[in-house]
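> For reference, the file data.csv (CSV, C-alpha atoms) is included below:
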```
chain,number,residue,atom,x,y,z
T,128,MET,CA,125.6,137.4,144.9
T,129,ARG,CA,126.7,135.8,141.7
T,130,ALA,CA,127.7,138.7,139.5
T,131,VAL,CA,129.0,142.3,139.6
T,132,SER,CA,128.3,144.6,136.7
T,133,PHE,CA,130.1,148.0,136.2
T,134,ASP,CA,129.4,151.2,134.4
T,135,LEU,CA,132.2,152.0,132.0
T,136,TRP,CA,132.9,155.7,131.9
T,137,PHE,CA,134.1,157.3,135.2
T,138,THR,CA,133.9,153.9,136.9
T,139,LEU,CA,136.4,151.6,135.1
T,140,ILE,CA,137.8,154.2,132.7
T,141,TYR,CA,137.5,157.9,132.1
T,142,GLU,CA,138.2,160.7,129.6
T,143,ASP,CA,138.9,164.4,129.3
T,144,GLU,CA,138.2,166.8,126.4
T,145,GLU,CA,141.5,165.9,124.7
T,146,ASP,CA,140.5,162.2,124.7
T,147,VAL,CA,137.1,163.0,123.2
T,148,ARG,CA,138.8,165.2,120.5
T,149,LYS,CA,141.2,162.4,119.8
T,150,TYR,CA,138.7,159.6,119.2
T,151,THR,CA,136.3,161.9,117.4
T,152,LEU,CA,139.0,162.8,114.9
T,153,MET,CA,139.9,159.1,114.5
T,154,ARG,CA,136.3,158.4,113.5
T,155,VAL,CA,135.7,161.5,111.4
T,156,ARG,CA,139.0,161.0,109.4
T,157,ALA,CA,138.1,157.4,108.7
T,158,ILE,CA,134.6,158.3,107.5
T,159,HIS,CA,136.0,161.1,105.4
T,160,GLU,CA,138.6,159.0,103.7
T,161,ALA,CA,136.0,156.2,103.0
T,162,LEU,CA,133.4,158.6,101.6
T,163,SER,CA,135.9,160.6,99.5
T,164,GLN,CA,135.6,157.9,96.8
T,165,PHE,CA,132.1,159.2,96.1
T,166,GLY,CA,133.0,162.7,95.3
T,167,ASN,CA,134.0,166.0,96.8
T,168,VAL,CA,133.5,165.4,100.5
T,169,THR,CA,135.4,167.7,103.0
T,170,LEU,CA,136.6,166.7,106.4
T,171,GLU,CA,134.8,169.8,107.8
T,172,ASP,CA,131.4,168.6,106.4
T,173,VAL,CA,131.8,165.2,107.9
T,174,LEU,CA,132.8,166.6,111.3
T,175,SER,CA,129.8,169.0,111.2
T,176,ILE,CA,127.3,166.2,110.5
T,177,TYR,CA,128.9,163.9,113.0
T,178,GLU,CA,128.8,166.5,115.7
T,179,SER,CA,125.1,167.2,114.9
T,180,LEU,CA,124.3,163.6,115.8
T,181,LYS,CA,125.9,163.9,119.2
T,182,PHE,CA,122.6,163.6,121.0
T,183,ALA,CA,121.9,160.3,119.4
T,184,ARG,CA,125.3,158.5,119.3
T,185,GLU,CA,124.8,156.7,122.6
T,186,PHE,CA,121.8,154.7,121.1
T,187,LEU,CA,122.5,154.9,117.4
T,188,SER,CA,124.2,151.8,115.9
T,189,ALA,CA,127.4,152.3,114.0
T,190,GLU,CA,125.6,151.3,110.8
T,191,SER,CA,122.8,153.7,111.3
T,192,LEU,CA,125.2,156.5,112.0
T,193,ILE,CA,127.2,155.9,108.8
T,194,LYS,CA,124.0,155.8,106.9
T,195,LEU,CA,122.8,159.1,108.3
T,196,VAL,CA,126.1,160.8,107.7
T,197,SER,CA,126.3,159.6,104.1
T,198,LEU,CA,122.7,160.6,103.3
T,199,ALA,CA,123.4,164.1,104.8
T,200,LEU,CA,126.3,164.3,102.3
T,201,GLY,CA,124.0,163.3,99.4
T,202,ILE,CA,125.5,159.8,99.2
T,203,LYS,CA,123.4,156.7,99.0
T,204,LEU,CA,125.4,153.6,99.9
T,205,SER,CA,124.7,150.1,98.7
T,206,ARG,CA,124.2,147.5,101.4
T,207,GLY,CA,127.7,146.1,100.8
T,208,LYS,CA,129.3,149.6,100.9
T,209,LEU,CA,127.4,150.4,104.1
T,210,ARG,CA,128.7,147.3,105.8
T,211,GLU,CA,132.2,148.1,104.6
T,212,LEU,CA,132.1,151.7,105.8
T,213,THR,CA,130.6,150.6,109.1
T,214,ASN,CA,133.5,148.3,109.8
T,215,ILE,CA,136.0,151.1,108.9
T,216,TYR,CA,134.2,153.4,111.4
T,217,VAL,CA,134.2,150.8,114.2
T,218,GLU,CA,137.9,149.8,113.6
T,219,SER,CA,139.0,153.5,113.5
T,220,THR,CA,139.2,153.6,117.3
T,221,ARG,CA,140.7,150.2,117.9
T,222,ASN,CA,144.0,151.8,119.1
T,223,PHE,CA,142.4,154.4,121.3
T,224,VAL,CA,143.7,154.0,124.9
T,225,PRO,CA,141.4,155.7,127.5
T,226,LYS,CA,142.5,156.7,131.0
T,227,VAL,CA,142.0,153.8,133.4
T,228,ASN,CA,140.9,153.8,137.0
T,229,ASP,CA,143.9,152.1,138.7
T,230,GLU,CA,141.6,150.6,141.3
T,231,VAL,CA,140.3,148.0,138.8
T,232,TYR,CA,143.7,146.3,138.6
T,233,GLU,CA,143.3,145.1,142.2
T,234,VAL,CA,139.5,144.7,142.4
T,235,LEU,CA,138.7,142.8,139.2
T,236,PRO,CA,141.1,139.9,139.8
T,237,LYS,CA,139.7,139.6,143.4
T,238,ILE,CA,136.2,139.5,142.1
T,239,LYS,CA,137.0,136.7,139.7
T,240,GLU,CA,138.8,134.8,142.4
T,241,LEU,CA,135.5,134.8,144.3
T,242,GLY,CA,133.9,132.9,141.4
T,243,LEU,CA,131.6,135.8,140.4
T,244,LYS,CA,130.6,136.7,136.8
T,245,THR,CA,131.4,140.3,135.7
T,246,ALA,CA,129.9,142.6,133.2
T,247,VAL,CA,130.1,146.1,131.7
T,248,VAL,CA,126.9,148.1,131.1
T,249,SER,CA,127.6,151.4,129.4
T,250,ASN,CA,126.0,154.4,127.7
T,251,THR,CA,128.5,154.9,125.0
T,252,SER,CA,128.9,155.6,121.3
T,253,PHE,CA,131.5,152.8,121.2
T,254,PRO,CA,129.8,149.6,120.0
T,255,GLU,CA,130.4,146.4,121.9
T,256,ARG,CA,133.4,145.6,119.8
T,257,GLY,CA,134.9,149.0,120.4
T,258,VAL,CA,134.3,148.7,124.2
T,259,ILE,CA,136.1,145.4,124.2
T,260,ALA,CA,139.0,146.9,122.3
T,261,MET,CA,139.4,149.7,124.8
T,262,LEU,CA,139.3,147.3,127.7
T,263,LYS,CA,142.0,145.2,125.9
T,264,ASN,CA,144.1,148.3,125.5
T,265,VAL,CA,144.2,148.9,129.2
T,266,GLY,CA,144.6,145.2,130.0
T,267,ILE,CA,141.3,144.3,131.6
T,268,ALA,CA,139.1,142.8,128.8
T,269,ASP,CA,139.6,139.2,129.9
T,270,TYR,CA,138.0,139.9,133.3
T,271,PHE,CA,134.5,140.4,131.8
T,272,ASP,CA,132.0,137.8,130.8
T,273,VAL,CA,129.5,140.2,129.3
T,274,VAL,CA,129.8,143.7,127.6
T,275,VAL,CA,126.6,145.7,127.0
T,276,SER,CA,126.9,148.8,124.9
T,277,SER,CA,123.9,151.1,124.5
T,278,SER,CA,124.8,151.9,120.9
T,279,SER,CA,124.9,148.3,120.0
T,280,LEU,CA,121.7,147.5,121.8
T,281,GLY,CA,119.8,150.6,120.5
T,282,LEU,CA,118.8,151.8,123.9
T,283,ASN,CA,120.5,153.5,126.8
T,284,LYS,CA,120.3,153.9,130.6
T,285,PRO,CA,118.1,154.7,132.5
T,286,ASN,CA,115.8,152.6,130.2
T,287,PRO,CA,115.4,149.5,132.5
T,288,ARG,CA,115.3,147.2,129.5
T,289,ILE,CA,119.1,147.5,129.3
T,290,TYR,CA,119.4,145.8,132.7
T,291,GLY,CA,116.8,143.2,131.6
T,292,TYR,CA,119.1,142.4,128.7
T,293,LEU,CA,122.0,142.2,131.1
T,294,VAL,CA,120.1,139.7,133.3
T,295,ARG,CA,119.4,137.5,130.3
T,296,LYS,CA,123.0,137.6,129.1
T,297,LEU,CA,124.3,136.6,132.5
T,298,GLY,CA,121.7,133.9,132.9
T,299,LEU,CA,121.0,134.9,136.5
T,300,ARG,CA,118.2,136.3,138.6
T,301,PRO,CA,118.2,140.1,139.0
T,302,GLN,CA,118.8,139.9,142.8
T,303,GLU,CA,122.0,137.9,142.2
T,304,ILE,CA,123.6,140.9,140.4
T,305,LEU,CA,125.2,144.0,142.0
T,306,HIS,CA,125.6,147.0,139.6
T,307,VAL,CA,128.2,149.7,140.3
T,308,GLY,CA,128.3,153.1,138.6
T,309,ASP,CA,128.7,156.8,139.0
T,310,SER,CA,125.1,158.0,138.1
T,311,CYS,CA,122.3,157.9,140.6
T,312,VAL,CA,119.7,157.7,137.9
T,313,ASN,CA,121.5,155.5,135.4
T,314,ASP,CA,123.4,153.2,137.8
T,315,VAL,CA,121.3,153.1,140.9
T,316,LEU,CA,117.6,153.9,140.3
T,317,SER,CA,117.4,152.1,137.0
T,318,PRO,CA,118.9,148.7,138.1
T,319,LEU,CA,117.0,148.9,141.4
T,320,SER,CA,113.7,149.3,139.4
T,321,VAL,CA,114.2,145.8,137.8
T,322,GLY,CA,115.4,144.1,141.0
T,323,LEU,CA,119.2,144.3,140.8
T,324,ARG,CA,121.3,145.5,143.7
T,325,ALA,CA,123.2,148.7,143.3
T,326,ALA,CA,126.1,150.7,144.6
T,327,LEU,CA,127.0,154.3,143.7
T,328,TYR,CA,130.6,155.0,142.9
T,329,VAL,CA,131.9,158.6,143.3
T,330,GLY,CA,135.7,158.0,143.3
T,331,LEU,CA,136.3,159.6,139.9
T,332,ARG,CA,133.7,162.3,140.4
T,333,LYS,CA,135.0,164.2,143.4
T,334,GLY,CA,132.3,166.4,144.9
T,335,LYS,CA,129.5,164.7,142.9
T,336,ASP,CA,126.0,165.6,144.1
T,337,VAL,CA,124.4,162.4,145.4
T,338,THR,CA,121.3,164.0,146.8
T,339,LEU,CA,119.0,162.1,144.6
T,340,CYS,CA,120.3,158.8,146.2
T,341,SER,CA,120.2,160.1,149.7
T,342,LYS,CA,117.0,158.4,150.6
T,343,LEU,CA,118.1,155.0,149.2
T,344,ASP,CA,119.7,152.4,151.3
T,345,VAL,CA,122.6,151.8,148.9
T,346,PRO,CA,126.3,151.9,149.5
T,347,VAL,CA,128.3,155.0,148.3
T,348,LEU,CA,131.8,154.0,147.3
T,349,HIS,CA,134.7,156.4,147.2
T,350,ASN,CA,137.0,153.6,146.1
T,351,LEU,CA,136.2,150.4,144.2
T,352,ARG,CA,138.3,148.5,146.8
T,353,GLU,CA,135.4,149.1,149.2
T,354,LEU,CA,133.5,146.4,147.4
T,355,LEU,CA,136.0,144.0,149.1
T,356,TRP,CA,136.7,146.0,152.3
T,357,LYS,CA,133.0,146.3,153.2
T,358,ASN,CA,132.1,142.7,152.2
T,359,LEU,CA,129.7,143.9,149.6
T,360,ILE,CA,130.6,140.9,147.5
T,361,THR,CA,131.3,137.4,148.8
T,362,ARG,CA,132.5,134.1,147.3
T,363,ASN,CA,130.0,132.3,145.0
T,364,THR,CA,129.7,128.8,146.5
T,365,THR,CA,127.0,127.5,144.1
```
Starting from the file, give its structure as structure tokens.


Amino acid sequence: MRAVSFDLWFTLIYEDEEDVRKYTLMRVRAIHEALSQFGNVTLEDVLSIYESLKFAREFLSAESLIKLVSLALGIKLSRGKLRELTNIYVESTRNFVPKVNDEVYEVLPKIKELGLKTAVVSNTSFPERGVIAMLKNVGIADYFDVVVSSSSLGLNKPNPRIYGYLVRKLGLRPQEILHVGDSCVNDVLSPLSVGLRAALYVGLRKGKDVTLCSKLDVPVLHNLRELLWKNLITRNTT
């Protein structure tokens, strides 16, 4: 074992409907203000178009999203303006503070003390820079060597290529990496399919149905501290 990777949402951090509404409005207001220079653009129109892209935001880059929103409003941006508005969009959520799983404050330092690399692999509309900002806002960004965002990469879990990308970024063999997350499909079956180890975490999903993983010989964690208690990770001596 030389590395542990974690899912982001409902493993390290979590959100409720109010949080989603908060960062959605941060983004939509920033887009609206930036596009208002091109004519009569209403906040309601921007919100409607943004919400219509919900199905794709996990694998749509920030630049692609801004381009689609602007085109839907009848606005064709120059390359320079597109980059400018993309940066405004990404920076709009820099101050967003998610709810944090308090277990990480004990577990992450212990993992680093063992000499292991750590990573985040997330299906998220937040680009890599946005994920790092959130992790900084809850005081844990410095614990991670690699952050993989589906929207930055252009593909999301359970596509196994996202874990292939993680392996390359960490510079390790798949079997040297343990991935921990709350979805049997995304965080267990997908990493197992490319040779990683996996553990299913259900601590923030009380009563979660884990039937799909019932035939798999993988740990089911109710607390991230079980990574330490059950000796699922050991000191890297290489």

> May I have the residues within 7 Å of stretch 219-225 of chain T as a ChimeraX atom specification, using all atoms listed in the file and disregarding those fewer than 5 positions away in the same chain?

/T:140-142,150,153-154,157,257,260-261,264-265

> Deliver the residues from the most recent selection as a file, using C-alpha atoms, as a CSV table (one decimal), in the coordinates of the input.


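Below is the file selection_21.csv, written as the result:
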```
chain,number,residue,atom,x,y,z
T,140,ILE,CA,137.8,154.2,132.7
T,141,TYR,CA,137.5,157.9,132.1
T,142,GLU,CA,138.2,160.7,129.6
T,150,TYR,CA,138.7,159.6,119.2
T,153,MET,CA,139.9,159.1,114.5
T,154,ARG,CA,136.3,158.4,113.5
T,157,ALA,CA,138.1,157.4,108.7
T,257,GLY,CA,134.9,149.0,120.4
T,260,ALA,CA,139.0,146.9,122.3
T,261,MET,CA,139.4,149.7,124.8
T,264,ASN,CA,144.1,148.3,125.5
T,265,VAL,CA,144.2,148.9,129.2
```

> Find, counting only C-alpha atoms, the residue in T:Leu209, T:Leu280, T:Leu297, T:Leu262 that gets nearest to T:Leu195.

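Among the listed residues, the smallest separation from T:Leu195 belongs to T:Leu209.
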
> Can you tell me, as a list in words, what residues are no more than 9 Å from T:Gly291 when counting all atoms listed in the file, ignoring any on the same chain fewer than 3 positions away?

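Residues meeting the cut-off are Pro287, Arg288, Val294, Arg295, Lys296, Pro301, Pro318 and Val321 of chain T.
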
> One decimal, Å: what's the distance from atom CA of T:Thr245 over to atom CA of T:Lys149, could you say?

28.9 Å

> Within 9 Å of (126.9, 164.0, 110.6) (file coordinates; all atoms listed in the file), which protein or nucleic acid residues are there? I'd like them as number ranges by chain.

T: 172-181, 192-193, 195-197, 199-200

> Calculated over only C-alpha atoms, which of the candidates T:Arg210, T:His349, T:Asn167, T:Tyr270 has the smallest distance to T:Gly242?

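That would be T:Tyr270, the residue with the smallest distance to T:Gly242.
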
> What gap, in Å, lies between atom CA of T:Thr138 and atom CA of T:Leu152?

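Going from atom CA of T:Thr138 over to atom CA of T:Leu152 covers 24.3 Å.
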
> To one decimal place in Å, what is the distance between atom CA of T:Glu230 and atom CA of T:Leu139?

8.2 Å

> Identify which of the residues T:Asp309, T:Glu171, T:Glu255, T:Asp272 lies closest to T:Cys340, counting all atoms listed in the file when measuring atom-to-atom distances.

T:Asp309
